[in-house]
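Structure file protein_39.txt; described as compact mmCIF, C-alpha atoms.
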```txt
# COMPACT_ATOMS: atom_id res chain seq x y z
CA MET A 1 0.00 0.00 0.00
CA ALA A 2 1.13 3.58 -0.66
CA THR A 3 2.06 5.71 2.34
CA THR A 4 3.81 9.02 3.03
CA SER A 5 6.96 6.95 3.61
CA GLY A 6 6.68 5.16 0.27
CA PRO A 7 5.04 1.85 -0.66
CA ILE A 8 4.76 -0.77 2.08
CA PRO A 9 4.03 -4.45 1.39
CA ARG A 10 0.66 -5.65 2.59
CA ILE A 11 0.49 -9.16 4.03
CA LYS A 12 -2.25 -11.75 4.33
CA THR A 13 -3.37 -13.23 7.62
CA GLU A 14 -4.19 -16.60 6.07
CA LEU A 15 -1.50 -19.18 5.61
CA ASP A 16 -1.49 -21.01 2.27
CA LYS A 17 -0.30 -24.47 1.31
CA ARG A 18 3.27 -23.32 0.74
CA ASP A 19 3.47 -21.74 4.20
CA ARG A 20 2.18 -24.94 5.79
CA ILE A 21 4.59 -27.20 3.90
CA GLY A 22 7.43 -24.82 4.78
CA SER A 23 6.50 -24.95 8.46
CA LEU A 24 6.28 -28.73 8.41
CA LEU A 25 9.72 -29.08 6.79
CA VAL A 26 11.28 -26.71 9.31
CA ARG A 27 9.69 -28.64 12.17
CA LEU A 28 11.23 -31.80 10.76
CA GLY A 29 14.65 -30.16 10.74
CA ALA A 30 15.05 -29.23 7.05
CA ASN A 31 16.06 -25.73 5.92
CA ARG A 32 15.89 -24.46 9.50
CA ASN A 33 18.75 -22.04 9.14
CA ASN A 34 17.42 -20.32 6.09
CA TYR A 35 13.70 -19.85 6.70
CA LYS A 36 13.44 -16.08 6.66
CA VAL A 37 11.40 -13.12 5.50
CA SER A 38 12.89 -9.76 4.51
CA PRO A 39 13.26 -7.36 7.42
CA GLY A 40 11.33 -4.07 7.30
CA LEU A 41 7.83 -2.71 7.71
CA TYR A 42 4.69 -4.57 6.65
CA ALA A 43 1.04 -3.54 6.65
CA LEU A 44 -1.64 -5.80 8.06
CA GLY A 45 -5.20 -4.95 6.99
CA ARG A 46 -5.51 -1.17 6.41
CA PRO A 47 -3.40 0.49 9.08
CA ASP A 48 -3.26 4.29 9.52
CA SER A 49 -1.26 6.72 11.65
CA GLU A 50 -3.12 5.64 14.79
CA SER A 51 -2.55 1.90 14.31
CA VAL A 52 -0.38 -0.11 16.64
CA VAL A 53 3.15 -1.17 15.68
CA LEU A 54 4.15 -4.74 16.51
CA VAL A 55 7.82 -5.67 16.38
CA THR A 56 8.91 -9.23 15.56
CA ALA A 57 11.69 -11.51 14.30
CA ASN A 58 12.31 -12.47 10.67
CA TYR A 59 12.09 -16.24 11.22
CA LYS A 60 9.27 -17.19 8.86
CA LEU A 61 7.68 -19.55 11.37
CA THR A 62 7.44 -16.64 13.83
CA PHE A 63 6.20 -14.24 11.15
CA ASP A 64 3.51 -16.72 9.99
CA THR A 65 2.32 -17.43 13.54
CA LEU A 66 2.02 -13.71 14.22
CA ARG A 67 0.15 -12.69 11.06
CA LYS A 68 -2.22 -15.61 11.44
CA ALA A 69 -2.98 -14.57 15.03
CA LEU A 70 -3.71 -10.98 13.94
CA ASN A 71 -6.46 -11.83 11.45
CA GLY A 72 -8.93 -8.97 11.19
CA LEU A 73 -6.69 -6.38 12.78
CA ASN A 74 -5.22 -3.20 11.26
CA ALA A 75 -1.63 -2.93 12.37
CA TRP A 76 1.94 -2.23 11.32
CA LEU A 77 4.41 -5.08 11.58
CA LEU A 78 8.07 -4.12 12.01
CA VAL A 79 10.23 -7.13 11.18
CA LEU A 80 13.79 -7.05 12.51
CA ASP A 81 16.77 -8.78 10.96
CA THR A 82 17.27 -11.58 13.48
CA ARG A 83 19.02 -13.78 10.88
CA GLY A 84 16.05 -16.07 10.59
CA VAL A 85 16.00 -16.92 14.30
CA ASN A 86 12.96 -16.85 16.59
CA VAL A 87 12.36 -14.04 19.10
CA TRP A 88 13.70 -15.61 22.30
CA CYS A 89 16.80 -17.27 20.85
CA ALA A 90 17.64 -14.16 18.79
CA ALA A 91 17.29 -12.01 21.92
CA GLY A 92 19.63 -14.39 23.76
CA LYS A 93 22.18 -13.97 20.98
CA LYS A 94 21.62 -10.18 20.99
CA ASN A 95 20.44 -10.14 17.39
CA PHE A 96 16.98 -9.09 18.56
CA SER A 97 18.55 -6.05 20.24
CA SER A 98 17.90 -2.43 21.16
CA GLU A 99 20.22 -1.37 18.32
CA GLU A 100 18.34 -3.47 15.76
CA VAL A 101 14.97 -2.05 16.90
CA ILE A 102 16.30 1.51 16.62
CA LEU A 103 17.80 0.80 13.17
CA GLN A 104 14.57 -0.64 11.74
CA VAL A 105 12.43 2.15 13.25
CA LYS A 106 14.66 4.70 11.50
CA ASN A 107 14.86 2.75 8.21
CA ALA A 108 11.06 2.61 8.06
CA HIS A 109 10.65 6.34 8.93
CA LEU A 110 8.18 5.20 11.54
CA ASP A 111 8.10 8.64 13.21
CA GLN A 112 6.52 10.07 10.02
CA LEU A 113 4.15 7.17 9.50
CA VAL A 114 2.47 6.99 12.91
CA SER A 115 1.33 9.76 15.24
CA HIS A 116 1.89 7.84 18.47
CA ARG A 117 5.27 6.84 19.92
CA LYS A 118 4.70 3.26 21.06
CA LEU A 119 6.16 -0.06 19.94
CA ILE A 120 4.72 -3.37 21.09
CA LEU A 121 7.54 -5.85 21.58
CA PRO A 122 7.18 -9.52 22.48
CA GLN A 123 7.99 -9.97 26.17
CA LEU A 124 10.58 -12.64 25.41
CA SER A 125 12.69 -10.12 23.47
CA ALA A 126 13.50 -8.37 26.78
CA THR A 127 16.59 -10.55 27.09
CA GLY A 128 18.08 -8.63 24.17
CA VAL A 129 16.18 -5.34 24.22
CA SER A 130 16.40 -2.61 26.84
CA ALA A 131 13.29 -0.41 26.79
CA LEU A 132 15.38 2.48 28.10
CA LYS A 133 17.92 2.26 25.26
CA VAL A 134 15.17 2.09 22.61
CA LYS A 135 13.49 5.20 24.05
CA LYS A 136 16.80 7.07 24.05
CA GLY A 137 17.77 5.85 20.59
CA CYS A 138 14.58 6.57 18.61
CA GLY A 139 12.06 8.20 20.95
CA PHE A 140 9.65 5.27 20.91
CA GLU A 141 8.36 3.79 24.14
CA VAL A 142 8.51 0.00 24.45
CA VAL A 143 5.32 -1.73 25.55
CA TRP A 144 5.93 -5.35 26.52
CA GLY A 145 3.37 -7.50 24.73
CA PRO A 146 2.37 -11.03 25.71
CA ILE A 147 4.56 -14.11 25.15
CA GLN A 148 2.12 -15.90 22.83
CA ALA A 149 1.01 -14.31 19.55
CA GLY A 150 -2.43 -15.77 20.22
CA ASP A 151 -2.82 -13.47 23.24
CA ILE A 152 -2.15 -10.23 21.34
CA LYS A 153 -5.78 -9.52 20.47
CA SER A 154 -6.92 -9.77 24.08
CA PHE A 155 -3.86 -7.78 25.14
CA LEU A 156 -4.86 -4.96 22.78
CA ALA A 157 -8.52 -5.18 23.77
CA ALA A 158 -7.53 -4.83 27.44
CA GLY A 159 -5.67 -1.60 26.68
CA PHE A 160 -2.13 -3.04 26.61
CA GLN A 161 -2.64 -5.09 29.76
CA ALA A 162 -1.37 -8.66 30.02
CA GLY A 163 -2.45 -10.89 32.90
CA LYS A 164 -0.02 -13.10 34.80
CA ALA A 165 -0.84 -16.11 32.62
CA MET A 166 0.11 -14.19 29.46
CA ARG A 167 3.48 -13.28 30.99
CA GLN A 168 4.51 -16.81 31.95
CA VAL A 169 6.07 -19.31 29.56
CA THR A 170 4.46 -22.72 29.29
CA PHE A 171 5.83 -26.10 28.24
CA THR A 172 2.85 -28.27 27.43
CA LEU A 173 3.02 -31.78 26.00
CA SER A 174 2.42 -30.50 22.46
CA GLU A 175 5.01 -27.75 22.94
CA ARG A 176 7.50 -30.43 23.98
CA LEU A 177 6.62 -32.96 21.29
CA VAL A 178 6.80 -30.46 18.43
CA LEU A 179 10.53 -30.15 19.22
CA THR A 180 11.33 -33.86 19.05
CA PRO A 181 11.61 -34.35 15.25
CA VAL A 182 14.39 -31.74 15.12
CA GLU A 183 16.08 -33.37 18.13
CA ILE A 184 15.99 -36.77 16.44
CA SER A 185 17.26 -35.49 13.09
CA GLN A 186 20.12 -33.61 14.77
CA THR A 187 21.04 -36.63 16.88
CA LEU A 188 21.00 -38.89 13.84
CA LYS A 189 23.30 -36.49 12.00
CA SER A 190 25.90 -36.71 14.76
CA LEU A 191 25.38 -40.32 15.89
CA LEU A 192 24.62 -42.20 12.68
CA TRP A 193 28.21 -43.52 12.52
CA LEU A 194 27.58 -45.34 15.79
CA ILE A 195 25.36 -48.03 14.25
CA PRO A 196 27.79 -49.37 11.58
CA LEU A 197 30.55 -49.14 14.19
CA MET A 198 28.53 -51.26 16.63
CA PHE A 199 27.86 -53.78 13.89
CA LEU A 200 31.58 -54.02 13.12
CA LEU A 201 32.49 -54.30 16.79
CA SER A 202 29.93 -57.05 17.18
CA GLY A 203 31.65 -59.15 14.53
CA ILE A 204 34.73 -59.50 16.70
CA GLY A 205 34.74 -62.65 18.80
CA PRO A 206 36.48 -65.97 19.44
CA ASP A 207 36.71 -66.53 15.67
CA ILE A 208 38.48 -63.15 15.36
CA PHE A 209 35.79 -61.84 13.03
CA SER A 210 32.66 -63.57 11.87
CA LEU A 211 29.79 -62.37 9.75
CA ALA A 212 27.40 -64.53 11.76
CA ASN A 213 28.43 -62.67 14.91
CA LEU A 214 28.19 -59.35 13.11
CA TRP A 215 24.57 -60.08 12.34
CA GLN A 216 23.52 -61.93 15.51
CA ARG A 217 25.12 -59.46 17.88
CA GLY A 218 24.88 -56.39 15.65
CA VAL A 219 21.10 -56.31 15.54
CA PRO A 220 20.47 -56.20 19.31
CA VAL A 221 23.22 -53.65 19.94
CA SER A 222 21.92 -51.38 17.17
CA LEU A 223 18.47 -51.73 18.63
CA ALA A 224 19.88 -50.69 22.01
CA VAL A 225 21.39 -47.57 20.38
CA VAL A 226 18.18 -46.64 18.55
CA LEU A 227 16.09 -47.16 21.68
CA GLY A 228 18.54 -45.04 23.67
CA VAL A 229 18.14 -42.23 21.14
CA LEU A 230 14.35 -42.48 21.17
CA SER A 231 14.28 -42.62 24.96
CA GLY A 232 16.42 -39.49 25.28
CA THR A 233 14.84 -37.42 22.53
CA VAL A 234 11.16 -38.47 22.60
CA LEU A 235 10.21 -40.43 25.70
CA THR A 236 11.98 -38.24 28.26
CA PRO A 237 10.74 -34.92 26.79
CA ALA A 238 7.20 -36.32 26.55
CA LEU A 239 7.13 -37.61 30.14
CA LEU A 240 9.29 -34.77 31.51
CA PRO A 241 7.04 -33.53 34.33
CA TRP A 242 6.18 -37.05 35.50
CA ILE A 243 9.63 -38.64 35.66
CA PRO A 244 11.02 -38.19 39.18
CA PHE A 245 14.15 -36.13 39.99
CA ARG A 246 15.06 -32.72 38.63
CA ALA A 247 18.31 -33.38 36.80
CA PHE A 248 17.58 -34.19 33.15
CA SER A 249 20.43 -36.72 33.03
CA VAL A 250 18.73 -38.70 35.84
CA LYS A 251 15.32 -38.47 34.16
CA GLY A 252 16.90 -39.70 30.90
CA ALA A 253 18.73 -42.54 32.67
CA LEU A 254 15.50 -43.72 34.32
CA ALA A 255 13.61 -43.64 31.02
CA GLY A 256 16.50 -45.49 29.38
CA LEU A 257 16.50 -48.13 32.11
CA LEU A 258 12.80 -48.72 31.58
CA VAL A 259 13.25 -49.03 27.82
CA GLY A 260 16.34 -51.22 28.19
CA LEU A 261 14.59 -53.63 30.56
CA GLY A 262 11.63 -53.64 28.19
CA LEU A 263 13.90 -54.65 25.32
CA MET A 264 15.23 -57.58 27.37
CA LEU A 265 11.74 -58.69 28.35
CA PHE A 266 10.35 -58.58 24.85
CA SER A 267 13.37 -59.73 22.84
CA LEU A 268 12.70 -62.87 20.82
CA LYS A 269 15.76 -64.70 22.03
CA THR A 270 16.79 -64.80 25.66
CA ILE A 271 19.92 -62.72 26.13
CA ALA A 272 22.53 -63.83 28.66
CA PHE A 273 23.28 -61.69 31.69
CA LEU A 274 26.55 -60.12 30.54
CA PRO A 275 25.48 -58.89 27.09
CA ALA A 276 22.12 -57.85 28.53
CA LEU A 277 23.86 -55.70 31.12
CA ALA A 278 26.05 -54.18 28.39
CA LEU A 279 23.05 -53.32 26.22
CA ILE A 280 21.12 -51.78 29.11
CA LEU A 281 24.16 -49.68 30.04
CA LEU A 282 24.43 -48.38 26.48
CA THR A 283 20.74 -47.49 26.25
CA VAL A 284 20.77 -45.81 29.67
CA THR A 285 23.89 -43.76 28.89
CA LEU A 286 22.67 -42.55 25.49
CA SER A 287 19.25 -41.70 26.90
CA SER A 288 20.79 -39.85 29.85
CA TYR A 289 23.14 -37.80 27.65
CA LEU A 290 20.50 -36.88 25.09
CA ALA A 291 17.98 -35.98 27.79
CA MET A 292 20.61 -33.68 29.29
CA ASN A 293 20.97 -32.08 25.86
CA PHE A 294 17.23 -31.37 25.83
CA THR A 295 17.81 -28.71 28.52
CA GLY A 296 18.63 -26.37 25.61
CA CYS A 297 15.09 -26.74 24.28
CA THR A 298 13.25 -26.07 27.51
CA PRO A 299 12.12 -22.64 28.70
CA PHE A 300 13.09 -23.15 32.35
CA THR A 301 16.61 -24.53 32.83
CA SER A 302 19.20 -22.03 34.09
CA PRO A 303 22.79 -22.15 32.77
CA SER A 304 24.13 -22.41 36.34
CA GLY A 305 21.92 -25.43 36.93
CA VAL A 306 22.81 -27.13 33.65
CA GLU A 307 26.50 -26.60 34.30
CA LYS A 308 26.20 -28.06 37.80
CA GLU A 309 24.32 -31.05 36.47
CA MET A 310 26.84 -31.64 33.68
CA ARG A 311 29.83 -31.57 35.99
CA GLN A 312 28.32 -34.47 37.90
CA ALA A 313 26.69 -36.34 35.03
CA ILE A 314 29.32 -36.34 32.28
CA PRO A 315 31.97 -38.32 34.25
CA LEU A 316 29.34 -40.92 35.22
CA GLN A 317 28.01 -41.11 31.66
CA SER A 318 31.54 -41.60 30.32
CA VAL A 319 32.25 -44.41 32.79
CA ALA A 320 28.92 -46.10 32.00
CA ALA A 321 29.50 -45.85 28.25
CA CYS A 322 33.03 -47.33 28.51
CA LEU A 323 31.82 -50.07 30.83
CA GLY A 324 28.97 -50.91 28.46
CA LEU A 325 31.31 -51.15 25.46
CA ILE A 326 33.88 -53.24 27.36
CA LEU A 327 31.21 -55.65 28.65
CA TRP A 328 29.75 -55.97 25.16
CA PHE A 329 33.20 -56.73 23.79
CA ILE A 330 34.02 -59.28 26.52
CA SER A 331 30.64 -60.98 26.33
CA ALA A 332 31.50 -62.29 22.86
CA PHE A 333 34.26 -64.39 24.39
CA VAL A 334 32.28 -65.74 27.31
CA ARG A 335 30.64 -69.08 26.68
CA THR A 336 27.00 -68.62 27.46
CA PRO A 337 24.65 -71.42 28.43
CA VAL A 338 22.12 -72.01 25.71
CA MET B 1 5.16 -23.58 35.14
CA GLU B 2 4.97 -24.74 38.75
CA LYS B 3 5.06 -28.28 37.38
CA PHE B 4 8.52 -27.67 35.93
CA ARG B 5 11.22 -27.09 38.50
CA TYR B 6 14.91 -27.34 37.84
CA LEU B 7 17.82 -27.65 40.30
CA PRO B 8 17.27 -25.45 43.39
CA ASN B 9 19.64 -22.82 44.83
CA VAL B 10 21.80 -22.42 41.74
CA SER B 11 20.71 -19.12 40.16
CA THR B 12 23.15 -16.19 40.18
CA LEU B 13 20.24 -13.72 40.53
CA LYS B 14 20.74 -10.89 43.01
CA LEU B 15 18.44 -7.95 43.73
CA ASP B 16 19.56 -4.90 45.65
CA GLU B 17 16.24 -3.73 47.06
CA SER B 18 17.78 -0.49 48.39
CA LEU B 19 18.44 0.64 44.79
CA CYS B 20 14.97 -0.32 43.50
CA ILE B 21 12.77 2.60 42.42
CA GLY B 22 9.65 0.48 42.03
CA CYS B 23 9.15 0.87 38.27
CA GLY B 24 7.97 -2.74 37.99
CA SER B 25 9.82 -3.51 34.73
CA CYS B 26 11.21 -6.75 36.13
CA THR B 27 7.73 -8.03 36.92
CA LEU B 28 6.69 -7.37 33.30
CA VAL B 29 9.62 -8.98 31.51
CA CYS B 30 10.30 -12.04 33.69
CA PRO B 31 8.84 -15.13 31.94
CA HIS B 32 8.65 -17.01 35.25
CA SER B 33 7.05 -14.37 37.51
CA VAL B 34 10.08 -14.46 39.81
CA PHE B 35 9.43 -10.90 41.06
CA THR B 36 6.54 -9.33 42.93
CA MET B 37 5.94 -5.70 43.87
CA ASN B 38 5.38 -4.88 47.49
CA GLU B 39 5.19 -1.33 48.86
CA LYS B 40 6.79 0.11 45.70
CA LYS B 41 9.76 -2.23 45.90
CA ALA B 42 10.50 -5.35 43.87
CA HIS B 43 11.05 -8.59 45.76
CA ILE B 44 12.29 -11.98 44.66
CA ALA B 45 9.25 -14.16 45.31
CA ASP B 46 10.37 -17.31 43.51
CA PHE B 47 14.17 -17.55 43.44
CA ASP B 48 14.25 -21.12 42.09
CA GLY B 49 11.96 -20.16 39.20
CA CYS B 50 14.82 -18.07 37.75
CA MET B 51 16.34 -19.41 34.52
CA GLU B 52 18.96 -16.64 34.26
CA CYS B 53 17.71 -15.27 30.92
CA GLY B 54 18.78 -11.77 31.96
CA ALA B 55 15.64 -9.90 30.80
CA CYS B 56 15.19 -8.26 34.23
CA MET B 57 18.80 -7.11 34.50
CA ASN B 58 18.67 -5.79 30.94
CA ASN B 59 15.60 -3.69 31.73
CA CYS B 60 16.28 -2.47 35.25
CA PRO B 61 16.79 1.31 34.91
CA VAL B 62 18.90 1.56 38.09
CA ALA B 63 21.00 -1.61 37.78
CA ALA B 64 19.54 -3.06 40.98
CA ILE B 65 19.56 -6.56 39.48
CA ASP B 66 22.66 -8.61 38.86
CA LEU B 67 23.07 -12.09 37.41
CA ARG B 68 25.19 -14.08 34.99
CA PRO B 69 22.90 -14.45 31.98
CA GLY B 70 23.13 -17.24 29.46
CA VAL B 71 21.33 -20.12 27.82
CA GLY B 72 20.67 -23.24 29.87
CA CYS B 73 21.78 -25.57 27.13
CA ALA B 74 24.22 -28.47 27.53
CA ALA B 75 25.62 -28.12 24.00
CA ALA B 76 26.35 -24.41 24.53
CA ILE B 77 28.03 -25.12 27.87
CA ILE B 78 30.26 -27.83 26.39
CA GLN B 79 31.29 -25.26 23.78
CA SER B 80 32.05 -22.74 26.48
CA TRP B 81 34.26 -25.28 28.28
CA PHE B 82 36.34 -25.79 25.16
CA LYS B 83 36.46 -22.17 24.12
CA GLY B 84 36.79 -20.86 27.65
CA LYS B 85 34.00 -18.33 27.19
CA VAL B 86 31.76 -17.13 29.97
CA GLY B 87 28.01 -16.88 29.44
CA VAL B 88 28.29 -18.27 25.93
CA SER B 89 25.25 -18.18 23.71
CA CYS B 90 24.18 -20.79 21.20
CA GLU B 91 26.40 -20.23 18.20
CA THR B 92 26.34 -23.58 16.49
CA GLU B 93 24.48 -23.73 13.21
CA THR B 94 22.40 -26.62 14.38
CA CYS B 95 21.10 -24.73 17.40
CA CYS B 96 18.05 -22.55 17.76
```
What does the file become when written as structure tokens?
Amino acid sequence: MATTSGPIPRIKTELDKRDRIGSLLVRLGANRNNYKVSPGLYALGRPDSESVVLVTANYKLTFDTLRKALNGLNAWLLVLDTRGVNVWCAAGKKNFSSEEVILQVKNAHLDQLVSHRKLILPQLSATGVSALKVKKGCGFEVVWGPIQAGDIKSFLAAGFQAGKAMRQVTFTLSERLVLTPVEISQTLKSLLWLIPLMFLLSGIGPDIFSLANLWQRGVPVSLAVVLGVLSGTVLTPALLPWIPFRAFSVKGALAGLLVGLGLMLFSLKTIAFLPALALILLTVTLSSYLAMNFTGCTPFTSPSGVEKEMRQAIPLQSVAACLGLILWFISAFVRTPV
Amino acid sequence: MEKFRYLPNVSTLKLDESLCIGCGSCTLVCPHSVFTMNEKKAHIADFDGCMECGACMNNCPVAAIDLRPGVGCAAAIIQSWFKGKVGVSCETETCC
């Protein structure tokens, strides 16, 4: 649309098929680092000089969520260059920053376009943005909007007031599960070499190397690895609030133990004690380590806490992993009763 | 978020109530409602709810809040151990 500050692109509030496929791919872990929209000012509906200005990140998933939530509203959308990263993470990296807000306000000549001097920023950008600096830098007052885009309409209707619930982050089952495909795909990228390696290692035995061993012992050990990955990246996040203990490494180890014992119970062939112990150790260790990694995806773990947990957990995980591998190796040489 | 509690007594959050001017910014920006206002002064009501994101410190006009901000992410902390950085943020391409 044409304005006193030149033409400004108008955006739709409905998502089309391409947006949905794009979102799905990103959620699965593809093209995550390059899913962006151009920074700058956008018009939503038919905004005028009185309309509110909402500031957001240029991650397309964020942008789509926001415009969809604002259906029926007349507003200006100021998109920052956060390098295609969501609001909270970009604020943590200081890409969603006071300086970036000031720069985009000036680039868009916002002071000529609107008569008021207010910017609505997502609350979670406060990690990177100082309201005081923005006011000094461009004369606009920062109003902290709600955390969820879906709450913006009621926030506006209430005269820029957000209740306590709107100001608190949540971590519901669906919010946790939507993260797991990316966790799995990233884990596979870094751990895929483990499976052929375990197969090769399994071939070593009293006959030096046998293909029969490679197959007979390779399948269960690979299964133990896969189950460890699933336990750490899916089961633990899903059951997070219900697994006892606060340290994620302990939660992951417990989930892994459950899965490992389950594998022994339901395996077609009875596995002897020594290899069984080795497999359970491997599943438990992997699950514990990957669950600990999930701290980065949660909205409530403090760096001091994660560091404390890691200092205790990593030595134990290393010992357990070595022990598991050694036992697995030795068990090939131990004659087991049939 | 009361359901989700992480390790207790670890946060580096400190509030100097004598400096506080009662603007209430910290109560607005904190995503875990750690602060409450009482007689025009901010108080830490839920210390163990703090995840050290640093939003409060960043928006306190009188620097009454101090903490070591950072991301609570194991991968980022491993990186910081190797690189020797303090309060490292997620910089890997695979991260958020």
(request) Give me, please, the distance in Å between CA of Ala313 (chain A) and CA of Trp81 (chain B), quoted to one decimal. (result)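 It comes out at 15.0 Å.
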(message) Report as a PyMOL selection string all protein, DNA and RNA residues lying within 12 Å of Leu191 (chain A), evaluated on all atoms listed in the file, omitting residues in the same chain fewer than 2 positions from it.
(response) chain A and resi 183-189+193-198+222+225-226+228-229+286+290
(message) Show me, as a PyMOL selection string, every residue of chain B with an atom at most 10 Å from chain A, counting all atoms listed in the file.
(response) chain B and resi 1-12+25-34+48-61+68-78+81+87-91+93-96
Neighbouring residues of Val334 (chain A) were defined as those with any atom within 10 Å, considering all atoms listed in the file; residues of the same chain fewer than 5 positions away were excluded. Please report them as a JSON list (two decimals) with C-alpha atoms, keeping the file's coordinate frame.
```json
[["chain", "number", "residue", "atom", "x", "y", "z"],
["A", 205, "GLY", "CA", 34.74, -62.65, 18.80],
["A", 206, "PRO", "CA", 36.48, -65.97, 19.44],
["A", 274, "LEU", "CA", 26.55, -60.12, 30.54],
["A", 275, "PRO", "CA", 25.48, -58.89, 27.09],
["A", 329, "PHE", "CA", 33.20, -56.73, 23.79]]
```
(message) Just the number, please: distance in Å from CA of Ser249 (chain A) to CA of Val219 (chain A), one decimal.
(response)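 Computed distance, CA of Ser249 (chain A) to CA of Val219 (chain A), equals 26.3 Å.
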(request) Quick one: pull the distance between CA of Ser98 (chain A) and CA of Leu113 (chain A), Å, one decimal. (result)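 Going from CA of Ser98 (chain A) over to CA of Leu113 (chain A), I get 20.4 Å.
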(request) Might you pull out every residue within 12 Å of Leu258 (chain A), with all atoms listed in the file counted and same-chain residues fewer than 2 positions away left off, and present them as a list of chain:residue names? (result) A:Leu227, A:Gly228, A:Ser231, A:Gly232, A:Leu235, A:Thr236, A:Ile243, A:Lys251, A:Gly252, A:Ala253, A:Leu254, A:Ala255, A:Gly256, A:Gly260, A:Leu261, A:Gly262, A:Leu263, A:Met264, A:Leu265, A:Ile280, A:Leu281, A:Thr283, A:Val284, A:Ser287
Save the residues we just selected, C-alpha atoms, as a PDB file, in the coordinates of the input?
```
ATOM      1  CA  LEU A 227      16.090 -47.160  21.680  1.00  0.00           C
ATOM      2  CA  GLY A 228      18.540 -45.040  23.670  1.00  0.00           C
ATOM      3  CA  SER A 231      14.280 -42.620  24.960  1.00  0.00           C
ATOM      4  CA  GLY A 232      16.420 -39.490  25.280  1.00  0.00           C
ATOM      5  CA  LEU A 235      10.210 -40.430  25.700  1.00  0.00           C
ATOM      6  CA  THR A 236      11.980 -38.240  28.260  1.00  0.00           C
ATOM      7  CA  ILE A 243       9.630 -38.640  35.660  1.00  0.00           C
ATOM      8  CA  LYS A 251      15.320 -38.470  34.160  1.00  0.00           C
ATOM      9  CA  GLY A 252      16.900 -39.700  30.900  1.00  0.00           C
ATOM     10  CA  ALA A 253      18.730 -42.540  32.670  1.00  0.00           C
ATOM     11  CA  LEU A 254      15.500 -43.720  34.320  1.00  0.00           C
ATOM     12  CA  ALA A 255      13.610 -43.640  31.020  1.00  0.00           C
ATOM     13  CA  GLY A 256      16.500 -45.490  29.380  1.00  0.00           C
ATOM     14  CA  GLY A 260      16.340 -51.220  28.190  1.00  0.00           C
ATOM     15  CA  LEU A 261      14.590 -53.630  30.560  1.00  0.00           C
ATOM     16  CA  GLY A 262      11.630 -53.640  28.190  1.00  0.00           C
ATOM     17  CA  LEU A 263      13.900 -54.650  25.320  1.00  0.00           C
ATOM     18  CA  MET A 264      15.230 -57.580  27.370  1.00  0.00           C
ATOM     19  CA  LEU A 265      11.740 -58.690  28.350  1.00  0.00           C
ATOM     20  CA  ILE A 280      21.120 -51.780  29.110  1.00  0.00           C
ATOM     21  CA  LEU A 281      24.160 -49.680  30.040  1.00  0.00           C
ATOM     22  CA  THR A 283      20.740 -47.490  26.250  1.00  0.00           C
ATOM     23  CA  VAL A 284      20.770 -45.810  29.670  1.00  0.00           C
ATOM     24  CA  SER A 287      19.250 -41.700  26.900  1.00  0.00           C
TER      25      SER A 287
END
```
Point (-3.1, 1.7, 15.1) neighbourhood (12 Å, all atoms listed in the file) written as a short mmCIF file (atom, residue, chain, number, x, y, z; two decimals) with C-alpha atoms, in the coordinates of the input:
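Output saved as result.cif:
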```
data_model
loop_
_atom_site.label_atom_id
_atom_site.label_comp_id
_atom_site.auth_asym_id
_atom_site.auth_seq_id
_atom_site.Cartn_x
_atom_site.Cartn_y
_atom_site.Cartn_z
CA ALA A 43 1.04 -3.54 6.65
CA LEU A 44 -1.64 -5.80 8.06
CA GLY A 45 -5.20 -4.95 6.99
CA ARG A 46 -5.51 -1.17 6.41
CA PRO A 47 -3.40 0.49 9.08
CA ASP A 48 -3.26 4.29 9.52
CA SER A 49 -1.26 6.72 11.65
CA GLU A 50 -3.12 5.64 14.79
CA SER A 51 -2.55 1.90 14.31
CA VAL A 52 -0.38 -0.11 16.64
CA VAL A 53 3.15 -1.17 15.68
CA LEU A 54 4.15 -4.74 16.51
CA LEU A 73 -6.69 -6.38 12.78
CA ASN A 74 -5.22 -3.20 11.26
CA ALA A 75 -1.63 -2.93 12.37
CA TRP A 76 1.94 -2.23 11.32
CA LEU A 77 4.41 -5.08 11.58
CA LEU A 113 4.15 7.17 9.50
CA VAL A 114 2.47 6.99 12.91
CA SER A 115 1.33 9.76 15.24
CA HIS A 116 1.89 7.84 18.47
CA ARG A 117 5.27 6.84 19.92
CA LYS A 118 4.70 3.26 21.06
CA LEU A 119 6.16 -0.06 19.94
CA ILE A 120 4.72 -3.37 21.09
CA LEU A 156 -4.86 -4.96 22.78
#
```
Just need the box for region 49-66 of chain B, edges along x, y and z, holding every atom the file lists for it with 6 Å tacked onto each side, so centre and edge lengths in Å to one decimal, as lines of an AutoDock Vina configuration file.
```
center_x = 17.3
center_y = -9.3
center_z = 35.9
size_x = 22.7
size_y = 33.7
size_z = 22.2
```
(message) List the spatial neighbours of Leu41 (chain A) as a ChimeraX atom specification - criterion: any atom at most 8 Å away, all atoms listed in the file, same-chain residues fewer than 3 positions off excluded.
(response) /A:8-9,76-79,108
(request) Tell me which protein, DNA and RNA residues are within 8 Å of Gln104 (chain A), counting all atoms listed in the file, leaving out same-chain ones fewer than 2 positions away, and put them as a PyMOL selection string. (result) chain A and resi 40+78-80+100-102+106-108
Could you take the residues named above and write them with C-alpha atoms, as a short mmCIF file (atom, residue, chain, number, x, y, z; two decimals), in the coordinates of the input?
```cif
data_model
loop_
_atom_site.label_atom_id
_atom_site.label_comp_id
_atom_site.auth_asym_id
_atom_site.auth_seq_id
_atom_site.Cartn_x
_atom_site.Cartn_y
_atom_site.Cartn_z
CA GLY A 40 11.33 -4.07 7.30
CA LEU A 78 8.07 -4.12 12.01
CA VAL A 79 10.23 -7.13 11.18
CA LEU A 80 13.79 -7.05 12.51
CA GLU A 100 18.34 -3.47 15.76
CA VAL A 101 14.97 -2.05 16.90
CA ILE A 102 16.30 1.51 16.62
CA LYS A 106 14.66 4.70 11.50
CA ASN A 107 14.86 2.75 8.21
CA ALA A 108 11.06 2.61 8.06
#
```
